[in-house]
Structures are given as C-alpha cells and as structure tokens.
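Heads up, my_file_0.cif below (mmCIF, C-alpha atoms):
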```cif
data_structure
loop_
_atom_site.group_PDB
_atom_site.id
_atom_site.type_symbol
_atom_site.label_atom_id
_atom_site.label_comp_id
_atom_site.auth_asym_id
_atom_site.auth_seq_id
_atom_site.Cartn_x
_atom_site.Cartn_y
_atom_site.Cartn_z
ATOM 1 C CA MET U 14 -72.104 -42.775 -144.699
ATOM 2 C CA TYR U 15 -73.158 -43.557 -141.140
ATOM 3 C CA LYS U 16 -69.641 -44.735 -140.236
ATOM 4 C CA LYS U 17 -68.186 -41.517 -141.672
ATOM 5 C CA LEU U 18 -70.545 -39.467 -139.548
ATOM 6 C CA VAL U 19 -69.620 -41.365 -136.361
ATOM 7 C CA LEU U 20 -65.911 -40.923 -137.124
ATOM 8 C CA LEU U 21 -66.338 -37.176 -137.674
ATOM 9 C CA ILE U 22 -68.241 -36.827 -134.387
ATOM 10 C CA ALA U 23 -65.549 -38.781 -132.552
ATOM 11 C CA LEU U 24 -62.759 -36.655 -134.030
ATOM 12 C CA SER U 25 -64.671 -33.499 -133.191
ATOM 13 C CA THR U 26 -65.189 -34.637 -129.599
ATOM 14 C CA ILE U 27 -61.503 -35.516 -129.181
ATOM 15 C CA ASN U 28 -60.537 -32.136 -130.598
ATOM 16 C CA MET U 29 -62.873 -30.328 -128.185
ATOM 17 C CA LEU U 30 -61.575 -32.293 -125.218
ATOM 18 C CA THR U 31 -58.003 -31.570 -126.253
ATOM 19 C CA GLN U 32 -58.758 -27.861 -126.382
ATOM 20 C CA VAL U 33 -60.424 -28.006 -122.977
ATOM 21 C CA PHE U 34 -57.486 -29.809 -121.382
ATOM 22 C CA ALA U 35 -55.048 -27.505 -123.142
ATOM 23 C CA GLN U 36 -56.773 -24.530 -121.513
ATOM 24 C CA THR U 37 -56.836 -26.113 -118.020
ATOM 25 C CA PRO U 38 -54.467 -24.231 -115.709
ATOM 26 C CA LEU U 39 -52.200 -25.876 -113.138
ATOM 27 C CA ILE U 40 -53.871 -25.822 -109.739
ATOM 28 C CA LEU U 41 -52.134 -26.631 -106.449
ATOM 29 C CA SER U 42 -53.471 -27.054 -102.954
ATOM 30 C CA GLY U 43 -51.438 -25.389 -100.236
ATOM 31 C CA GLN U 44 -51.527 -24.457 -96.597
ATOM 32 C CA ILE U 45 -50.577 -21.302 -94.756
ATOM 33 C CA LYS U 46 -47.536 -21.800 -92.544
ATOM 34 C CA ALA U 47 -45.621 -19.600 -90.124
ATOM 35 C CA SER U 48 -41.855 -19.333 -90.110
ATOM 36 C CA ASP U 49 -41.681 -18.783 -86.346
ATOM 37 C CA ASN U 50 -43.727 -21.408 -84.508
ATOM 38 C CA GLN U 51 -43.441 -23.052 -81.143
ATOM 39 C CA THR U 52 -43.649 -26.709 -82.024
ATOM 40 C CA PHE U 53 -44.364 -29.477 -79.528
ATOM 41 C CA TYR U 54 -42.679 -32.784 -80.359
ATOM 42 C CA ALA U 55 -43.103 -36.221 -78.806
ATOM 43 C CA PRO U 56 -40.180 -36.770 -76.393
ATOM 44 C CA LYS U 57 -37.839 -39.731 -76.322
ATOM 45 C CA THR U 58 -38.583 -42.229 -73.553
ATOM 46 C CA ASP U 59 -37.212 -45.575 -72.394
ATOM 47 C CA ASN U 60 -40.196 -47.276 -74.014
ATOM 48 C CA TRP U 61 -39.519 -45.462 -77.324
ATOM 49 C CA ARG U 62 -43.220 -44.763 -77.858
ATOM 50 C CA VAL U 63 -45.237 -42.411 -75.669
ATOM 51 C CA GLN U 64 -48.965 -41.809 -75.292
ATOM 52 C CA VAL U 65 -50.540 -38.363 -75.585
ATOM 53 C CA GLN U 66 -52.413 -38.070 -72.285
ATOM 54 C CA TRP U 67 -53.898 -34.576 -72.568
ATOM 55 C CA LEU U 68 -54.071 -31.735 -75.101
ATOM 56 C CA LEU U 69 -55.363 -28.202 -74.899
ATOM 57 C CA PRO U 70 -58.369 -28.128 -77.272
ATOM 58 C CA GLU U 71 -57.425 -27.193 -80.810
ATOM 59 C CA GLY U 72 -58.166 -23.580 -81.618
ATOM 60 C CA ASP U 73 -58.036 -22.453 -77.988
ATOM 61 C CA ILE U 74 -55.754 -19.507 -77.295
ATOM 62 C CA ALA U 75 -52.864 -20.586 -75.094
ATOM 63 C CA LYS U 76 -51.283 -17.881 -72.968
ATOM 64 C CA LYS U 77 -47.591 -17.851 -72.149
ATOM 65 C CA GLY U 78 -47.001 -20.407 -69.383
ATOM 66 C CA ASP U 79 -50.198 -22.375 -70.028
ATOM 67 C CA LEU U 80 -50.021 -26.153 -70.156
ATOM 68 C CA VAL U 81 -50.493 -27.336 -73.750
ATOM 69 C CA VAL U 82 -49.458 -31.002 -74.003
ATOM 70 C CA VAL U 83 -49.166 -33.735 -71.373
ATOM 71 C CA PHE U 84 -47.620 -37.100 -72.201
ATOM 72 C CA ASP U 85 -48.059 -40.293 -70.186
ATOM 73 C CA SER U 86 -45.395 -40.241 -67.443
ATOM 74 C CA GLY U 87 -46.528 -43.072 -65.182
ATOM 75 C CA SER U 88 -43.367 -45.146 -65.633
ATOM 76 C CA ILE U 89 -41.116 -42.105 -65.133
ATOM 77 C CA GLN U 90 -42.887 -41.139 -61.906
ATOM 78 C CA SER U 91 -42.441 -44.677 -60.557
ATOM 79 C CA GLN U 92 -38.739 -44.522 -61.489
ATOM 80 C CA ILE U 93 -38.405 -41.218 -59.637
ATOM 81 C CA GLU U 94 -39.988 -42.685 -56.509
ATOM 82 C CA GLN U 95 -37.735 -45.726 -56.769
ATOM 83 C CA GLU U 96 -34.629 -43.541 -57.149
ATOM 84 C CA LYS U 97 -35.631 -41.446 -54.120
ATOM 85 C CA VAL U 98 -35.921 -44.601 -52.005
ATOM 86 C CA SER U 99 -32.611 -45.907 -53.384
ATOM 87 C CA LEU U 100 -30.947 -42.565 -52.613
ATOM 88 C CA ILE U 101 -32.147 -42.652 -49.006
ATOM 89 C CA ALA U 102 -30.887 -46.227 -48.649
ATOM 90 C CA ALA U 103 -27.542 -45.290 -50.228
ATOM 91 C CA ASN U 104 -27.059 -42.395 -47.783
ATOM 92 C CA GLU U 105 -27.886 -44.680 -44.860
ATOM 93 C CA GLU U 106 -25.374 -47.189 -46.175
ATOM 94 C CA LEU U 107 -22.763 -44.417 -46.414
ATOM 95 C CA PHE U 108 -23.388 -43.559 -42.752
ATOM 96 C CA ARG U 109 -23.061 -47.240 -41.778
ATOM 97 C CA ILE U 110 -19.825 -47.651 -43.773
ATOM 98 C CA SER U 111 -18.424 -44.459 -42.255
ATOM 99 C CA SER U 112 -19.254 -45.554 -38.699
ATOM 100 C CA SER U 113 -17.922 -49.070 -39.273
ATOM 101 C CA GLY U 114 -14.760 -47.657 -40.855
ATOM 102 C CA GLU U 115 -14.147 -45.317 -37.939
ATOM 103 C CA HIS U 116 -14.523 -48.229 -35.536
ATOM 104 C CA SER U 117 -12.148 -50.501 -37.489
ATOM 105 C CA LEU U 118 -9.654 -47.638 -37.870
ATOM 106 C CA LEU U 119 -9.783 -46.996 -34.108
ATOM 107 C CA GLU U 120 -9.098 -50.675 -33.402
ATOM 108 C CA ALA U 121 -6.259 -50.819 -35.945
ATOM 109 C CA THR U 122 -4.708 -47.613 -34.549
ATOM 110 C CA TYR U 123 -4.930 -48.929 -30.984
ATOM 111 C CA GLY U 124 -3.406 -52.261 -32.058
ATOM 112 C CA GLN U 125 -0.515 -50.504 -33.796
ATOM 113 C CA LYS U 126 0.205 -48.278 -30.777
ATOM 114 C CA ARG U 127 0.172 -51.331 -28.530
ATOM 115 C CA THR U 128 2.642 -53.276 -30.708
ATOM 116 C CA ALA U 129 4.840 -50.154 -30.923
ATOM 117 C CA LEU U 130 4.984 -49.942 -27.111
ATOM 118 C CA LEU U 131 5.706 -53.666 -26.877
ATOM 119 C CA LEU U 132 8.462 -53.202 -29.466
ATOM 120 C CA ASP U 133 10.007 -50.379 -27.416
ATOM 121 C CA LYS U 134 9.904 -52.584 -24.288
ATOM 122 C CA ALA U 135 11.396 -55.557 -26.207
ATOM 123 C CA ARG U 136 14.233 -53.346 -27.460
ATOM 124 C CA ILE U 137 15.016 -52.199 -23.912
ATOM 125 C CA ASP U 138 15.009 -55.784 -22.656
ATOM 126 C CA ALA U 139 17.121 -56.978 -25.593
ATOM 127 C CA SER U 140 19.687 -54.220 -24.979
ATOM 128 C CA ILE U 141 20.646 -55.687 -21.561
ATOM 129 C CA SER U 142 24.051 -57.294 -21.847
ATOM 130 C CA VAL U 143 24.462 -61.064 -21.459
ATOM 131 C CA GLU U 144 26.869 -60.416 -18.538
ATOM 132 C CA HIS U 145 23.884 -59.265 -16.443
ATOM 133 C CA LEU U 146 21.500 -62.044 -17.445
ATOM 134 C CA SER U 147 21.490 -65.740 -17.798
ATOM 135 C CA LYS U 148 22.047 -67.033 -21.269
ATOM 136 C CA TYR U 149 18.446 -68.268 -21.373
ATOM 137 C CA ASP U 150 16.987 -64.872 -20.440
ATOM 138 C CA TYR U 151 19.256 -63.063 -22.877
ATOM 139 C CA GLN U 152 18.224 -65.301 -25.795
ATOM 140 C CA LYS U 153 14.595 -65.035 -24.738
ATOM 141 C CA ASN U 154 14.822 -61.227 -24.873
ATOM 142 C CA GLN U 155 16.352 -61.382 -28.356
ATOM 143 C CA LEU U 156 13.582 -63.697 -29.545
ATOM 144 C CA ASP U 157 10.901 -61.439 -28.003
ATOM 145 C CA LEU U 158 12.447 -58.468 -29.852
ATOM 146 C CA GLU U 159 12.202 -60.298 -33.167
ATOM 147 C CA LYS U 160 8.588 -61.229 -32.428
ATOM 148 C CA ALA U 161 7.804 -57.623 -31.450
ATOM 149 C CA VAL U 162 9.357 -56.317 -34.683
ATOM 150 C CA VAL U 163 7.236 -58.720 -36.760
ATOM 151 C CA ALA U 164 4.093 -57.960 -34.759
ATOM 152 C CA ASN U 165 4.604 -54.207 -35.141
ATOM 153 C CA ALA U 166 5.198 -54.555 -38.880
ATOM 154 C CA LYS U 167 1.981 -56.528 -39.194
ATOM 155 C CA SER U 168 0.020 -53.967 -37.191
ATOM 156 C CA LEU U 169 1.423 -51.152 -39.368
ATOM 157 C CA GLU U 170 0.422 -53.038 -42.508
ATOM 158 C CA ASN U 171 -3.008 -53.776 -41.050
ATOM 159 C CA LEU U 172 -3.486 -50.095 -40.179
ATOM 160 C CA LYS U 173 -2.536 -49.143 -43.735
ATOM 161 C CA GLN U 174 -4.932 -51.704 -45.215
ATOM 162 C CA VAL U 175 -7.784 -50.567 -42.943
ATOM 163 C CA LYS U 176 -7.280 -46.964 -44.089
ATOM 164 C CA VAL U 177 -7.236 -47.994 -47.757
ATOM 165 C CA ALA U 178 -10.286 -50.252 -47.345
ATOM 166 C CA ASN U 179 -12.213 -47.473 -45.595
ATOM 167 C CA ASN U 180 -11.342 -44.950 -48.301
ATOM 168 C CA VAL U 181 -12.306 -47.393 -51.059
ATOM 169 C CA ALA U 182 -15.602 -48.294 -49.385
ATOM 170 C CA LEU U 183 -16.471 -44.631 -48.791
ATOM 171 C CA THR U 184 -15.506 -43.642 -52.363
ATOM 172 C CA LYS U 185 -17.540 -46.466 -53.903
ATOM 173 C CA GLN U 186 -20.581 -45.582 -51.843
ATOM 174 C CA LYS U 187 -20.256 -41.878 -52.682
ATOM 175 C CA ILE U 188 -20.063 -42.795 -56.380
ATOM 176 C CA SER U 189 -23.187 -44.920 -55.935
ATOM 177 C CA ILE U 190 -24.954 -41.943 -54.349
ATOM 178 C CA VAL U 191 -23.880 -39.661 -57.210
ATOM 179 C CA LYS U 192 -25.262 -42.211 -59.706
ATOM 180 C CA HIS U 193 -28.617 -42.257 -57.933
ATOM 181 C CA GLN U 194 -28.630 -38.448 -57.813
ATOM 182 C CA ASP U 195 -27.864 -38.255 -61.543
ATOM 183 C CA LYS U 196 -30.597 -40.777 -62.350
ATOM 184 C CA LEU U 197 -33.034 -38.838 -60.189
ATOM 185 C CA LYS U 198 -32.172 -35.549 -61.933
ATOM 186 C CA TYR U 199 -32.430 -37.211 -65.351
ATOM 187 C CA ASN U 200 -35.831 -38.724 -64.570
ATOM 188 C CA GLU U 201 -37.053 -35.400 -63.161
ATOM 189 C CA TYR U 202 -35.870 -33.750 -66.369
ATOM 190 C CA LYS U 203 -37.740 -36.369 -68.430
ATOM 191 C CA LEU U 204 -40.831 -35.833 -66.289
ATOM 192 C CA LYS U 205 -40.613 -32.121 -67.022
ATOM 193 C CA GLN U 206 -40.542 -32.912 -70.749
ATOM 194 C CA MET U 207 -43.798 -34.829 -70.336
ATOM 195 C CA SER U 208 -45.658 -31.609 -69.571
ATOM 196 C CA VAL U 209 -44.990 -28.825 -72.071
ATOM 197 C CA VAL U 210 -46.096 -25.221 -71.611
ATOM 198 C CA ALA U 211 -46.588 -22.393 -74.064
ATOM 199 C CA GLU U 212 -43.733 -19.949 -74.541
ATOM 200 C CA ARG U 213 -45.960 -17.472 -76.359
ATOM 201 C CA THR U 214 -49.611 -16.546 -76.687
ATOM 202 C CA GLY U 215 -51.443 -17.956 -79.677
ATOM 203 C CA PRO U 216 -53.917 -20.544 -81.003
ATOM 204 C CA VAL U 217 -53.125 -24.230 -80.579
ATOM 205 C CA LEU U 218 -53.006 -26.256 -83.792
ATOM 206 C CA TYR U 219 -52.768 -30.054 -83.727
ATOM 207 C CA GLY U 220 -50.215 -31.927 -85.804
ATOM 208 C CA THR U 221 -50.910 -34.867 -88.091
ATOM 209 C CA HIS U 222 -49.803 -38.487 -88.108
ATOM 210 C CA PRO U 223 -46.721 -38.671 -90.363
ATOM 211 C CA TRP U 224 -47.930 -41.900 -92.002
ATOM 212 C CA ASN U 225 -51.656 -41.535 -92.565
ATOM 213 C CA GLY U 226 -52.240 -37.799 -92.135
ATOM 214 C CA GLU U 227 -54.705 -38.339 -89.285
ATOM 215 C CA LYS U 228 -55.052 -35.483 -86.776
ATOM 216 C CA VAL U 229 -53.327 -35.957 -83.443
ATOM 217 C CA PHE U 230 -55.769 -36.921 -80.677
ATOM 218 C CA VAL U 231 -55.699 -37.642 -76.954
ATOM 219 C CA GLY U 232 -54.742 -41.278 -76.389
ATOM 220 C CA MET U 233 -52.664 -41.554 -79.547
ATOM 221 C CA THR U 234 -49.298 -43.293 -79.240
ATOM 222 C CA ALA U 235 -46.481 -41.299 -80.813
ATOM 223 C CA GLN U 236 -42.838 -41.894 -81.586
ATOM 224 C CA PRO U 237 -40.007 -39.482 -80.719
ATOM 225 C CA SER U 238 -39.840 -36.290 -82.827
ATOM 226 C CA TRP U 239 -43.421 -36.587 -84.089
ATOM 227 C CA ARG U 240 -45.041 -33.144 -84.264
ATOM 228 C CA ILE U 241 -47.921 -33.171 -81.794
ATOM 229 C CA ALA U 242 -49.021 -29.544 -81.820
ATOM 230 C CA GLU U 243 -47.804 -26.033 -82.451
ATOM 231 C CA ILE U 244 -48.514 -22.450 -81.532
ATOM 232 C CA PRO U 245 -47.976 -20.434 -84.697
ATOM 233 C CA SER U 246 -46.762 -16.906 -85.058
ATOM 234 C CA VAL U 247 -48.845 -14.452 -87.038
ATOM 235 C CA ASN U 248 -45.636 -13.003 -88.443
ATOM 236 C CA GLY U 249 -43.755 -14.407 -91.417
ATOM 237 C CA LEU U 250 -46.702 -16.260 -92.940
ATOM 238 C CA TYR U 251 -46.217 -18.133 -96.219
ATOM 239 C CA ILE U 252 -47.961 -20.808 -98.291
ATOM 240 C CA GLU U 253 -46.502 -24.282 -98.517
ATOM 241 C CA ALA U 254 -47.523 -26.576 -101.382
ATOM 242 C CA TRP U 255 -46.303 -29.908 -102.684
ATOM 243 C CA VAL U 256 -45.752 -30.210 -106.424
ATOM 244 C CA HIS U 257 -46.058 -33.570 -108.159
ATOM 245 C CA GLU U 258 -42.983 -34.660 -110.092
ATOM 246 C CA VAL U 259 -44.954 -34.391 -113.348
ATOM 247 C CA ASP U 260 -45.701 -30.692 -112.737
ATOM 248 C CA TYR U 261 -42.258 -29.806 -111.399
ATOM 249 C CA LYS U 262 -41.095 -28.621 -114.839
ATOM 250 C CA HIS U 263 -43.690 -25.821 -114.722
ATOM 251 C CA MET U 264 -42.237 -24.335 -111.537
ATOM 252 C CA HIS U 265 -40.132 -21.193 -112.004
ATOM 253 C CA LEU U 266 -38.942 -18.956 -109.198
ATOM 254 C CA ASN U 267 -40.492 -15.486 -108.851
ATOM 255 C CA THR U 268 -43.601 -16.569 -110.753
ATOM 256 C CA ASP U 269 -46.767 -14.807 -109.590
ATOM 257 C CA VAL U 270 -49.799 -17.019 -109.006
ATOM 258 C CA ASP U 271 -53.411 -16.306 -108.087
ATOM 259 C CA PHE U 272 -54.736 -17.945 -104.945
ATOM 260 C CA LYS U 273 -57.838 -18.105 -102.819
ATOM 261 C CA LEU U 274 -58.318 -19.106 -99.220
ATOM 262 C CA ASP U 275 -60.996 -21.615 -98.304
ATOM 263 C CA ALA U 276 -61.880 -19.382 -95.350
ATOM 264 C CA PHE U 277 -62.251 -16.295 -97.574
ATOM 265 C CA PRO U 278 -63.259 -17.498 -101.064
ATOM 266 C CA GLN U 279 -64.512 -14.041 -102.050
ATOM 267 C CA TYR U 280 -60.990 -12.597 -102.030
ATOM 268 C CA ASN U 281 -58.633 -12.952 -105.005
ATOM 269 C CA LEU U 282 -55.037 -12.793 -103.809
ATOM 270 C CA VAL U 283 -51.594 -13.013 -105.382
ATOM 271 C CA ALA U 284 -48.524 -14.952 -104.193
ATOM 272 C CA THR U 285 -45.007 -15.372 -105.536
ATOM 273 C CA LEU U 286 -43.053 -18.612 -105.807
ATOM 274 C CA THR U 287 -39.942 -17.896 -103.742
ATOM 275 C CA GLU U 288 -38.568 -21.362 -103.084
ATOM 276 C CA ILE U 289 -38.712 -24.793 -104.707
ATOM 277 C CA SER U 290 -36.829 -27.811 -103.426
ATOM 278 C CA SER U 291 -34.347 -29.544 -105.694
ATOM 279 C CA GLN U 292 -34.859 -32.989 -104.158
ATOM 280 C CA PRO U 293 -38.244 -34.758 -104.222
ATOM 281 C CA GLU U 294 -39.767 -36.370 -101.144
ATOM 282 C CA GLU U 295 -42.184 -39.222 -100.650
ATOM 283 C CA ARG U 296 -45.546 -38.383 -99.109
ATOM 284 C CA LYS U 297 -46.690 -41.719 -97.752
ATOM 285 C CA GLU U 298 -50.267 -40.560 -97.203
ATOM 286 C CA TRP U 299 -50.520 -39.712 -100.935
ATOM 287 C CA GLY U 300 -49.139 -42.906 -102.402
ATOM 288 C CA ASN U 301 -45.804 -43.873 -103.889
ATOM 289 C CA ASP U 302 -45.242 -40.787 -106.057
ATOM 290 C CA VAL U 303 -42.731 -38.096 -105.107
ATOM 291 C CA TYR U 304 -43.329 -34.396 -104.607
ATOM 292 C CA TYR U 305 -41.326 -31.180 -104.437
ATOM 293 C CA ARG U 306 -41.857 -28.665 -101.648
ATOM 294 C CA ALA U 307 -42.741 -25.179 -102.899
ATOM 295 C CA VAL U 308 -42.927 -21.981 -100.841
ATOM 296 C CA PHE U 309 -45.013 -18.958 -101.864
ATOM 297 C CA SER U 310 -44.800 -15.545 -100.222
ATOM 298 C CA PHE U 311 -47.634 -13.035 -100.189
ATOM 299 C CA SER U 312 -48.513 -9.626 -98.780
ATOM 300 C CA MET U 313 -50.742 -9.523 -95.728
ATOM 301 C CA ASP U 314 -54.194 -8.083 -96.264
ATOM 302 C CA GLU U 315 -55.262 -6.137 -93.170
ATOM 303 C CA ALA U 316 -58.889 -6.962 -93.899
ATOM 304 C CA LEU U 317 -58.213 -10.677 -93.400
ATOM 305 C CA THR U 318 -57.410 -12.499 -90.197
ATOM 306 C CA LEU U 319 -55.039 -15.174 -91.392
ATOM 307 C CA LEU U 320 -53.894 -18.088 -89.278
ATOM 308 C CA PRO U 321 -51.486 -20.926 -90.020
ATOM 309 C CA GLY U 322 -53.302 -24.068 -91.056
ATOM 310 C CA MET U 323 -55.726 -22.351 -93.423
ATOM 311 C CA SER U 324 -56.031 -24.022 -96.828
ATOM 312 C CA ALA U 325 -55.256 -22.199 -100.045
ATOM 313 C CA GLN U 326 -55.806 -22.969 -103.727
ATOM 314 C CA LEU U 327 -53.126 -21.689 -106.082
ATOM 315 C CA GLU U 328 -53.736 -21.295 -109.805
ATOM 316 C CA PHE U 329 -50.982 -20.896 -112.385
ATOM 317 C CA THR U 330 -52.969 -19.044 -115.006
ATOM 318 C CA GLY U 331 -50.076 -18.895 -117.464
ATOM 319 C CA VAL U 332 -49.322 -22.617 -117.325
ATOM 320 C CA ASN U 333 -51.228 -25.416 -119.059
ATOM 321 C CA ILE U 334 -51.009 -28.868 -117.561
ATOM 322 C CA SER U 335 -50.880 -30.406 -121.026
ATOM 323 C CA GLU U 336 -47.614 -28.703 -121.867
#
```

Can the structure in the file be given as structure tokens, please?
Amino acid sequence: MYKKLVLLIALSTINMLTQVFAQTPLILSGQIKASDNQTFYAPKTDNWRVQVQWLLPEGDIAKKGDLVVVFDSGSIQSQIEQEKVSLIAANEELFRISSSGEHSLLEATYGQKRTALLLDKARIDASISVEHLSKYDYQKNQLDLEKAVVANAKSLENLKQVKVANNVALTKQKISIVKHQDKLKYNEYKLKQMSVVAERTGPVLYGTHPWNGEKVFVGMTAQPSWRIAEIPSVNGLYIEAWVHEVDYKHMHLNTDVDFKLDAFPQYNLVATLTEISSQPEERKEWGNDVYYRAVFSFSMDEALTLLPGMSAQLEFTGVNISE
C-alpha cells in the first residue's frame, strides 16, 4: 500500500512538472542595435596586433570631430622620423650625384672636343702629298691620323657612356626618393588611422572581445578588424537576438512577440520577427553550440529614450519550449 502511494505521488509530480514545462513560453535575450552606426575597428599594423592607448569614456557624448579612440603608434612615429631622415639623405645624395655627373660630363665633353680637333689637324697633315714630304714624315702623318681616329672614337664612346651613367644614376636616385616619399606618406596615413575621430554626435559605446565577451578597455591588445567602439544612430533601431539551434524551429517570420527592456521594465512592448538567418554561427563565449541571428523590428515609443546597447527580453507567448 505504501509503495502504491509513493508511485502515485511520483506520477502526480511528473504530470504537474510536465504541465508546467508545457506552459513555459520561449524567452530570448536580445540587445537593441542601430542600423546606421559609426564603428571604430582596430587597424592593421606591421606588428599585426595593436594596443588601445586611449578611449573616450563609455557613455560620454562625442561631438563631430572629437577624438574617440587612440591606438599605440610609437613604432609608426619612429618609422616616420626615420623616413624623414632617409629622405633628406636621399635628396642630398641626388644633389651630389647631379654635381658629380655634371663634372664628369664636362670632362668627357672637353675630351671629345679635344680629340675632334686633333683629328681635324691629323687629317690636314695626312692630306699633304708624299711629293712634299719625306717618306718618313708622310707615313708618320698617316699613322697619327689613324691614332687620332681611334682616340676620337674612344672619346665619343666615353662621352656616350658618361651620359648614360649619369642618367641611370639620377634615375635610380630619383626612384629611391620616390620610395622614401611613398613610405613616408603610407606611415603618415597609418598614423592618422591610429587616432580616430567622431563623424557624428552621439554616445560612445565600447565593443566586446570577440572570444570571451569582455568589454574593451584601455591597454587591451586587439587584432585587426576587432570592433573597439561605436557611435550609434538613434534612427533605425532594432533588436538583435541569437536563437539556439534547438529553438530555431519555433522561429517564423512576421511573428509578433512581447518584450521588455531592462532599463524600462514597467513598459510592455511588441516587436515583430523580420529576419532570421539560414546559417547558424558559433558563439565562442557561449560554448560549442550554434545559434541563428534573429532581427526584430519595433515601433519607437516617444515616452522612452532608447539607445543601442540596451538589453531586451523577448517572450514568445504562443510558443511552448516543449513542443
């Protein structure tokens, strides 16, 4: 009799629990987002990782043109200084090469003119007939003409080579200067990316670490494309939630859901499921399960001051999690 009573109590308890769970609605946690934000990302650097050196305090209102994020730029600044010194040295070297080239060209031109005059003289001497000279002098004049022809050809070739060498040296040095100028401009551009200003007026919201969900903080080391902060727009607000793969089957577009905001728990609001992703994503901070991104639209209530980042709780009253 006692065993029968225990069994009946157990069955009754299970039945009650089943009814309770059957009546439990699907509840999701979401966050208000803005479709038009200015987002500040960690830039790409030569060291791959970059340290967040300064941040405008979270929640402060940044005005257009205000400095919001500063990344560590010590190595870039040293590279800029080094490139400036290298550029000065390269310009000095260009001046030296130009002066040296002008001098060598002047010498080669003078040498060529001299051999040309000697060639003209040798031709005049060689044109004197043998009847008016001794055989020795005549042959000597012919030999001098041959020597003058060879010497003039060499001086012409030397002049040509000097011109080519000067042009090559000048071109190479000018290319070197252009390279230094390009590096300087690139490093100045990178330095500019290290200090990011606001393009609109609005509150500053910090990003989160993509691996552990920790809030961004000054001194944190970030990798390129990590979201450091953002200035949201108060227009185009929506709720973003992540649906576990088990609950994905309950999601149907255009479904109305009740939701409350943690900041205004006394207000009962309604949102509509307008978008649900077809491919799941891993959320490393939540474990190894996969989730689907869901977007809910809602009408703005003028009585509420809503800002991106506020938490919301959505309740699917017509859906039971046991189904």

| request: Calculate how many Å separate atom CA of U:Asp59 from atom CA of U:Asp85, rounding to one decimal. | output: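 That distance, rounded to one decimal, is 12.3 Å.
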
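Atom CA of U:Val217 sits 17.4 Å away from atom CA of U:Met233.
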
| atom CA of U:Glu298 to atom CA of U:Pro237, straight-line distance in Å | 19.4 Å

| request: Identify which of the residues U:Leu319, U:Ile89, U:Ile289, U:Val81 lies closest to U:Asn200, counting only C-alpha atoms when measuring atom-to-atom distances. | output: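 Closest residue, counting only C-alpha atoms: U:Ile89.
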
| Which residues match the PyMOL selection byres ((chain U and resi 234) around 8) in the file above, as a list in words? |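 That selection, the PyMOL selection byres ((chain U and resi 234) around 8), comes back as Arg62, Val63, Gln64, Val65, Gly232, Met233, Ala235 and Gln236 of chain U.
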
| Residues returned when the PyMOL selection byres ((chain U and resi 251) around 8) runs on this file, as a PyMOL selection string | chain U and resi 45-48+249-250+252-253+308-311

| task | Select, from U:Ile244, U:Ile190, U:Leu282, U:Met323, the residue with the minimum atom-to-atom distance to U:Gly215, counting all atoms listed in the file. | result |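 Comparing U:Ile244, U:Ile190, U:Leu282, U:Met323 against U:Gly215, the winner is U:Ile244.
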
| request: Check what the PyMOL selection byres ((chain U and resi 68) around 7) selects in the file above and give those residues as a count of residues only. | output: 7

Set the distance at 12 Å and use only C-alpha atoms: which residues neighbour U:Glu94 once local chain neighbours fewer than 5 positions away are removed? I'd like the list as a PDB file with C-alpha atoms, in the frame of the given file.
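As written to disk, selection-v2.pdb reads:
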```pdb
ATOM      1  CA  GLY U  87     -46.528 -43.072 -65.182  1.00  0.00           C
ATOM      2  CA  SER U  88     -43.367 -45.146 -65.633  1.00  0.00           C
ATOM      3  CA  ILE U  89     -41.116 -42.105 -65.133  1.00  0.00           C
ATOM      4  CA  SER U  99     -32.611 -45.907 -53.384  1.00  0.00           C
ATOM      5  CA  LEU U 100     -30.947 -42.565 -52.613  1.00  0.00           C
ATOM      6  CA  ILE U 101     -32.147 -42.652 -49.006  1.00  0.00           C
ATOM      7  CA  HIS U 193     -28.617 -42.257 -57.933  1.00  0.00           C
ATOM      8  CA  LYS U 196     -30.597 -40.777 -62.350  1.00  0.00           C
ATOM      9  CA  LEU U 197     -33.034 -38.838 -60.189  1.00  0.00           C
ATOM     10  CA  LYS U 198     -32.172 -35.549 -61.933  1.00  0.00           C
ATOM     11  CA  ASN U 200     -35.831 -38.724 -64.570  1.00  0.00           C
ATOM     12  CA  GLU U 201     -37.053 -35.400 -63.161  1.00  0.00           C
ATOM     13  CA  LEU U 204     -40.831 -35.833 -66.289  1.00  0.00           C
TER      14      LEU U 204
END
```

| task | Just the residues within 12 Å of U:Glu212, please, counting all atoms listed in the file, with nothing from its chain fewer than 4 positions along; format it as a ChimeraX atom specification. | result | /U:50-53,75-81,217,243-246

| request: Excluding U:Glu258 and any residue of its chain fewer than 3 positions from it, enumerate the residues within 7 Å of it, using only C-alpha atoms, and give them as number ranges by chain. | output: U: 261, 303-305

Would you export the selected residues with C-alpha atoms as a CSV table (one decimal), in the frame of the given file, please?
```csv
chain,number,residue,atom,x,y,z
U,261,TYR,CA,-42.3,-29.8,-111.4
U,303,VAL,CA,-42.7,-38.1,-105.1
U,304,TYR,CA,-43.3,-34.4,-104.6
U,305,TYR,CA,-41.3,-31.2,-104.4
```

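Residue nearest U:Trp61 within the list U:Gln206, U:Gly300, U:Ser142, U:Ser238: U:Ser238 [criterion: smallest interatomic distance, all atoms listed in the file].
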
| Test item: residues at most 12 Å from U:Leu327, only C-alpha atoms, excluding those fewer than 5 positions along its chain, as a PyMOL selection string | chain U and resi 38-45+252-256+268-275+281-286+307-311+332

| task | Find, counting all atoms listed in the file, the residue in U:Ala121, U:Ala242, U:Ala276, U:Ile110 that gets nearest to U:Leu169. | result |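 Ranking U:Ala121, U:Ala242, U:Ala276, U:Ile110 by distance to U:Leu169, first place goes to U:Ala121.
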
Calculate, to one decimal in Å, the centre and edge lengths of the box along x, y and z of the file that holds all listed atoms of stretch 136-152 of chain U with 4 Å of margin on each side, and present them as AutoDock Vina command-line options.
```
--center_x 20.6 --center_y -60.2 --center_z -22.0 --size_x 20.6 --size_y 24.1 --size_z 19.0
```

With only C-alpha atoms counted, which protein, DNA or RNA residues have an atom no more than 8 Å from (-3.7, -44.1, -40.8) in the file frame? Please answer as a CSV table (one decimal) with C-alpha atoms, in the coordinates of the input.
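The result, stored in out_5.csv:
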```csv
chain,number,residue,atom,x,y,z
U,118,LEU,CA,-9.7,-47.6,-37.9
U,122,THR,CA,-4.7,-47.6,-34.5
U,172,LEU,CA,-3.5,-50.1,-40.2
U,173,LYS,CA,-2.5,-49.1,-43.7
U,175,VAL,CA,-7.8,-50.6,-42.9
U,176,LYS,CA,-7.3,-47.0,-44.1
```
